[in-house]
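Visitor: Okay, handing you the structure first.
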Amino acid sequence: MITPTDVTFASSGMQLAAHLYTPESPADGPRPAIVIGHPMTGVKEQTSAVYASRLAEWGFITLAFDAAYQGASEGEPRALEDPFQRAEDFRNAVTFLSTRTDVDPERIGVLGICASGGYAPYAAQTDHRMKAVATVSAADATLFFRVPDPEGFARLVAASGAARTAEARGEAPRLVPVLPDRVDENTPAETAEFVDYYKTPRGAHPRSIGAFLLRSADQLEQFDAFADVAKIAPRPLLMIAGSEAGTKGFSEGAVAAVGDSAELFVIDGASHPALYDIEEYVAQAVARLGEFFTEHLGA
């Protein structure tokens, strides 16, 4: 496995922490590069690292970063899930790579995993420096929470203003957990697998806290990841989803909206979190991603 280098880059006045993976093989000149974003409440050391290291073996410089307000990156209050800043982080990551002498600025792609699978395409709609766009287990963070419990999400939105006022008065920011502490026979299978990933040695990380700031809800409510996804065309879009993923519909809808320049690649038997780290499924995803980015960025 390729050992990454710690780097930082600026995004909206904050320094974001990132890991830069550089292929070990020699290069004749600047290489193509890929920016990789993590799931909601995740950090760069988890599934982003899996994909970044594997794609670096294909000959790409890869950059896995922690979103602003999260992980090892700067930003207060902590755990803010600002979807517009998350998209801006992708744009600023591309800027960072574009200034490096070892990167070809005309051959930069983006890869978003889970919620970043909504943020990366959203950023790419208007940032034409992103020459190829890919996702794994893509999700619109807003709809992910709103659809199964619209009344509950509406309550979070309504409480966001009061939460802002409370923070301004010096009260501790309120966090919303995204997973249960325990599972039982009534827990949906995919939820149980999320718990197994984030709350066991399988994928747990001390900076992945499994919660978002309550007042993020009013910003999430205004966000729609895929409303204008067709603007990515004619640049290529690849969306990878598991056949058993509850989020597969996000990828299906986005690919249909984009049309001929988009591809849906379904991995049989995989759930949403299985594509984070289960080798049987990750190997298939990386193989297709490697082919996709090689075709459109070179390697």
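Going through the structure tokens in order, the chains are called A, B, and so on, while each chain numbers its residues from 1 and the ligands are numbered from 1 in the order shown.
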Please list as number ranges by chain every residue within 9 Å of Arg182 in chain A, counting only C-alpha atoms and excluding residues in the same chain fewer than 3 positions away.

Guide: A: 179, 187, 192, 195

Visitor: Got a sec: who's within 10 Å of Glu252 in chain A, counting only C-alpha atoms, leaving out chain neighbours fewer than 5 positions off, as a PyMOL selection string?

Guide: chain A and resi 138+239-241+247+257+263-266

Visitor: Which residues come within 10 Å of Ala217 in chain A, counting only C-alpha atoms, excluding same-chain residues fewer than 4 positions away, as a PyMOL selection string?

Guide: chain A and resi 80-83+142+145-146+153-161+176+212-213+221-223

Visitor: Pick out the residues sitting within 12 Å of Glu280 in chain A, and hand them over as a VMD selection string; count only C-alpha atoms, and ignore anything fewer than 3 positions along from it in its own chain.

Guide: chain A and resid 242 267 to 271 274 to 277 283 to 287

Visitor: Name the residues in contact with Pro30 in chain A at a cut-off of 7 Å, using only C-alpha atoms, excluding same-chain residues fewer than 6 positions from it; report them as a PyMOL selection string.

Guide: chain A and resi 101-104

Visitor: Write out as a PyMOL selection string the set of residues from range 11-248 of chain A that DSSP, computed on the backbone, places in helix (DSSP H, G or I).

Guide: chain A and resi 44-56+83-98+116-124+141-146+150-168+189-198+216-220+229-232+248

Visitor: In Å, rounded to a single decimal, give me how far CA of His38 in chain A is from CA of Ser208 in chain A.

Guide: 10.5 Å

Visitor: For a quick check of understanding, using only C-alpha atoms, which of A:Ala163, A:Ala225, A:Ile34, A:Leu175 has the smallest distance to Val110 in chain A?

Guide: A:Ile34

Visitor: Taking only C-alpha atoms into account, name the residue in A:Arg207, A:Arg100, A:His128, A:Arg202 that is nearest to Ala72 in chain A.

Guide: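 So, comparing all the options, the nearest one is A:Arg207.
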
Visitor: So that I can check the surroundings of Glu291 in chain A, please list as a list in words every protein, DNA and RNA residue that reaches within 12 Å of it, counting only C-alpha atoms and ignoring chain neighbours fewer than 3 positions away.

Guide: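 Listed by chain and then number, they are Leu55, Trp58, Gly59, Phe60, Ala132, Ala134, Leu238, Gln284, Ala285, Val286, Ala287, Arg288, Thr294, Glu295, His296, Leu297, Gly298 and Ala299 of chain A.
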
Visitor: Just asking: which residues within range 113-197 of chain A are strand (DSSP E) according to DSSP, as a PDB file with C-alpha atoms, in the first residue's frame?

Guide:
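The result, written out as out_32.pdb:
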ATOM      1  CA  ILE A 113     -18.303   8.498  -1.589  1.00  0.00           C
ATOM      2  CA  MET A 130     -13.305  18.556 -13.035  1.00  0.00           C
ATOM      3  CA  LYS A 131     -12.837  16.584 -16.238  1.00  0.00           C
ATOM      4  CA  ALA A 132     -14.327  13.297 -15.026  1.00  0.00           C
ATOM      5  CA  VAL A 133     -16.758  12.714 -12.154  1.00  0.00           C
ATOM      6  CA  ALA A 134     -17.356   9.469 -10.270  1.00  0.00           C
ATOM      7  CA  THR A 135     -19.251   8.362  -7.193  1.00  0.00           C
ATOM      8  CA  VAL A 136     -19.470   5.298  -4.972  1.00  0.00           C
ATOM      9  CA  LEU A 175     -25.293  17.310  17.931  1.00  0.00           C
ATOM     10  CA  VAL A 176     -27.592  14.900  16.107  1.00  0.00           C
ATOM     11  CA  PRO A 177     -26.412  11.259  16.083  1.00  0.00           C
TER      12      PRO A 177
END

Visitor: If we count only C-alpha atoms and set the cut-off at 8 Å, which residues sit around Phe90 in chain A, ignoring sequence neighbours fewer than 5 positions away in its own chain? Please answer as a VMD selection string.

Guide: chain A and resid 35 37 110 119 to 120 123

Visitor: Deliver the residues from the most recent selection as a file, using C-alpha atoms, as a short mmCIF file (atom, residue, chain, number, x, y, z; two decimals), in the first residue's frame.

Guide:
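part.cif, freshly written:
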data_model
loop_
_atom_site.label_atom_id
_atom_site.label_comp_id
_atom_site.auth_asym_id
_atom_site.auth_seq_id
_atom_site.Cartn_x
_atom_site.Cartn_y
_atom_site.Cartn_z
CA VAL A 35 -9.82 14.34 -5.50
CA GLY A 37 -14.27 13.05 -0.55
CA VAL A 110 -13.25 13.84 -8.61
CA TYR A 119 -21.31 17.04 -3.13
CA ALA A 120 -18.79 16.15 -5.86
CA ALA A 123 -19.50 21.06 -7.45
#

Visitor: Counting only C-alpha atoms, which residue out of A:Arg235, A:His19, A:Arg174, A:His205 sits closest to Gly42 in chain A?

Guide: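 Among A:Arg235, A:His19, A:Arg174, A:His205, it is A:His205 that comes nearest to Gly42 in chain A.
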
Visitor: Using only C-alpha atoms, can you tell me which of A:Glu167, A:Glu45, A:Glu244, A:Asp127 comes closest to Gly203 in chain A?

Guide: A:Glu45

Visitor: Find, counting only C-alpha atoms, the residue in A:Pro150, A:Pro234, A:Pro173, A:Pro180 that gets nearest to Arg78 in chain A.

Guide: A:Pro173

Visitor: In Å, how far is it from CA of Ala52 in chain A to CA of Asp89 in chain A?

Guide: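 These two atoms are separated by 16.9 Å.
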